[in-house]
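Structure record follows, encoded as structure tokens.
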Amino acid sequence: MRGAGAARLAGYVLLLAFFALDATSNGLTITFHDSQTSSSPGELNFWLGHAFLLFPACLLIGYGFGPRLGALILRAAARLRALSARERTLAIVALTCAALAAARIGRAVFLLDLPITDDEYAVQFGGRVLASGHLMAPLPLLREAIPDLFLYFRNGAVGSFDWPGGVAISAIAEATRLRTFLWMIVAVTPVPVLIVLMTERLGRAWGFAAAAVFLCSPMSMLMSMTTHSQLAVRAFLAGGLLALHLADRHGGFRRWTIAGLVFGLAFLCRPLETAFFSLPIAAWAAWQTSRRDPVYAAALPGLALGAAVGIAVLLWHSYAMTGSALLPARFANPANMDVMPSSLWTRFGDNVTYNMLMLAIWFLGPVGVALVAAGALADRFTRLLGACVAADLCLAFFHDNPGLHIVGPIHYAECAVPLTVIATYGLFMAIGVVRRRRLDVRIALSMAVVPLVLGLGIFTLVQATALRQQAIIQRTVYQSIEAAARKPGDPKAVILTPWFFGITSAIPRMRETGSWVHDWRRPEVDLSDDVLFLRDARGAEQILRGQLPGRQFFRVARQAGSPYLTLVPLAGGDPIPLPGLGAADR
């Protein structure tokens with residue numbers, strides 16, 4: 001092939017140039033602070049470098065290796081098409097287990113098994129309460145001393161204000177002692193579901209291609225390392241789309257009811273997003289019913305009956321938590337209802353458009369934009385999914401919280417599933433065009449696969465490395481304080497401290513990196529923690545001593561220079577410096 005060697009060489013140069021951006025004044029350093037729509041200069045460098053250096057580099061490398069790599073891809077596709085039913089099942093299980101291992105190892109290596117936001121702490125706390133058989137637990141300590149971000153308090157009891165779906169999964173994780181591992185299982189659930197769905201629609205090889213597309217997406221893989229409720233809605237929406245496909249193809253009241261039920265489970269996890277996402281599906285079902293299409297004869301009653309289960313559970317949960325079926329705990333918290341004034345134009349730009357941009361960057365980057373554009377109008381199903389994503393984005397017109405983008409646009413994490421379906425169709429359509437024009441399919445496949453695997457793999461790795469830096473901050477703070485407060489055999493300890501954010505903001509190196517975890521981990525429901533981190537509220541010490549007898553008490557004190565923080569024993573004695581925190585500034 002002419003120019004293959006030159007293409008590879010040019011690709012290597014551009015690949016080197018991308019990493020050389022780290023030598024610029026902004027570098028490729030990604031930090032975590034300011035407003036939700038803020039990006040550090042290094043992060044912007046990273047995004048631009050990916051679009052204009054790394055992506056072209058991968059295209060050139062893919063072109064240069066086209067005949068060899070493309071031939072391998074074609075042989076793999078032929079092998080997948082030839083699999084027996086048993087072999088196909090084993091292949092699905094193997095790929096799902098590999099994805100599960102990647103998510104679990106990624107969480108341990110890059111997130112250090114720590115949260116990326118306080119939502120995860122709150123859902124975990126709510127799960128512990130629910131696992132004990134209650135929605136809310138009696139308030140165990142002085143209200144002002146409890147790290148309370150995203151918790152809900154009422155009538156002397158406390159629970160998570162999050163939606164019941166995520167809390168229920170957390171409760172199952174606690175009750176089964178699977179904990180984080182259960183969340184990882186939920187995270188990879190779309191993998192086998194996508195294989196089955198796209199095998200049904202395009203064939204066996206394309207089913208596995210869809211799973212590969214999903215796993216190549218940075219927003220899919222990075223979100224899979226967390227324990228966010230978005231993982232649950234993503235999994236249920238994947239199941240809902242498969243159920244919808246089966247109902248659309250075969251009809252029947254039972255199939256439509258199952259589809260509605262699965263979408264209802266997604267509704268329990270993120271009701272507003274699921275409702276907006278589902279509007280085009282409901283409208284389509286209504287339109288087909290009005291046309292007296294026999295396949296859709298049971299569509300509306302089936303979908304409504306299935307979805308009613310989730311709606312009923314949410315209404316009951318709201319009533320049990322707040323005393324009003326129409327007032328969820330998430331909206332009953334006055335602190336969560338502070339809405340900054342914003343015009344429709346601001347919400348369009350700072351929320352709708354911003355999240356469109358984040359989806360373009362984080363789903364699959366430039367190659368994803370091309371594939372989604374190619375697949376969006378491929379058939380009725382992709383047009384419907386495109387409308388669902390657009391409807392989901394329209395929710396942003398009604399609130400002013402754009403969400404974080406540290407693992408992709410977090411408010412639109414569920415969109416990874418429908419976008420994967422559309423992008424897979426786009427690749428299918430593109431390969432069809434290449435075949436019809438009698439171009440080299442091997443080169444086309446190679447030029448698609450290298451940006452997906454190499455380019456987006458680098459994207460995921462760079463962002464994961466940045467997430468590790470914010471996780472190191474959390475680990476350093478906890479380990480330093482715990483090591484100073486309690487030695488083996490010592491009584492359990494209580495640490496009276498400012499907000500976690502106040503601690504990390506006091507240390508220059510930590511402040512530079514930042515973190516979106518602003519509060520301390522929530523206490524165990526039975527207060528069995530060896531070291532309890534509580535807020536240093538006015539007059540809290542004496543009350544807490546009565547509530548927590550037999551524990552030794554400490555207070556975190558700040559100072560201007562290294563080590564920046566000391567631990568003061570409240571029973572008397574010299575302040576204990578925390579050198580581990582000071583070391584983080586060197």
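Naming scheme: A, B, ... for chains in displayed order of the structure tokens; residues 1 onward per chain; ligands 1 onward as shown.
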
_Using DSSP assignments from the backbone, pull out every residue in region 13-65 of chain A that falls under helix (DSSP H, G or I) and give it to me as a PyMOL selection string._
chain A and resi 13-23+41-64

Residues of region 147-235 of chain A that approach region 64-81 of chain A to 12 Å or less, counting only C-alpha atoms: could you list each one with the shortest pair of atoms and its distance in Å to one decimal, rows by chain and increasing residue number, as a Markdown table?
| residue | atom | partner | partner_atom | distance |
| --- | --- | --- | --- | --- |
| A:Ile195 | CA | A:Leu80 | CA | 11.7 |
| A:Thr199 | CA | A:Arg81 | CA | 10.0 |
| A:Leu202 | CA | A:Arg81 | CA | 11.3 |
| A:Gly203 | CA | A:Arg81 | CA | 7.7 |
| A:Arg204 | CA | A:Arg81 | CA | 5.5 |
| A:Ala205 | CA | A:Ala77 | CA | 5.2 |
| A:Trp206 | CA | A:Ala77 | CA | 8.2 |
| A:Gly207 | CA | A:Leu80 | CA | 9.5 |
| A:Phe208 | CA | A:Leu80 | CA | 8.2 |
| A:Ala209 | CA | A:Ala77 | CA | 8.9 |

*Pick from A:Met221, A:Ala168, A:Ala131, A:Cys394, whichever lies nearest to Thr460 (chain A) using only C-alpha atoms*: A:Met221

*What is the CA of Val517 (chain A) to CA of His33 (chain A) distance in Å?*
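About the pair CA of Val517 (chain A) and CA of His33 (chain A): they are 10.2 Å apart.
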
*Name the residues in contact with Leu242 (chain A) at a cut-off of 8 Å, using only C-alpha atoms, excluding same-chain residues fewer than 5 positions from it; report them as an NGL selection string.*
:A and (193-194 or 196-197)

*Given the choices A:Glu144, A:Asp118, A:Asp392, A:Asp34, which gets closest to Gly514 (chain A) if the distance is worked out from only C-alpha atoms?*
A:Asp34

*With only C-alpha atoms as the basis for distance, which of A:Val556, A:Met447, A:Val367, A:Leu135 is at the shortest distance from Tyr319 (chain A)?*
A:Leu135

_Residue among A:Leu241, A:Ala85, A:Ile105, A:Val407 lying closest to His228 (chain A), counting only C-alpha atoms_ =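 Smallest separation from His228 (chain A) among the options: A:Val407.
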
*Report the distance between CA of Ser224 (chain A) and CA of Pro147 (chain A) in Å, rounded to one decimal place.*
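Computing the Euclidean distance for CA of Ser224 (chain A) and CA of Pro147 (chain A) yields 26.0 Å.
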
*Would you list the contacts of region 157-164 of chain A as an MDAnalysis selection string, taking every protein, DNA or RNA residue within 10 Å and counting only C-alpha atoms, but skipping same-chain residues closer than 2 positions in sequence?*
chainID A and resid 119:130 134:140 143 148:155 166:170 229 265 267:271 313:314 317:318 321:322 328:333 336 525

*Can you tell me, as a list in words, what residues are no more than 9 Å from Arg555 (chain A) when counting only C-alpha atoms, ignoring any on the same chain fewer than 5 positions away?*
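Counting only the stated atoms, we get Val494, Ile495, Leu496, Thr497, Asp536, Thr566, Leu567, Val568, Pro569 and Leu570 of chain A.
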
*Restricting the calculation to only C-alpha atoms, which member of A:Thr424, A:Gln288, A:Thr227, A:Thr24 is positioned closest to Arg107 (chain A)?*
A:Thr227

_Using Å and a single decimal, report how far CA of Gly546 (chain A) sits from CA of Ser480 (chain A)._
26.7 Å
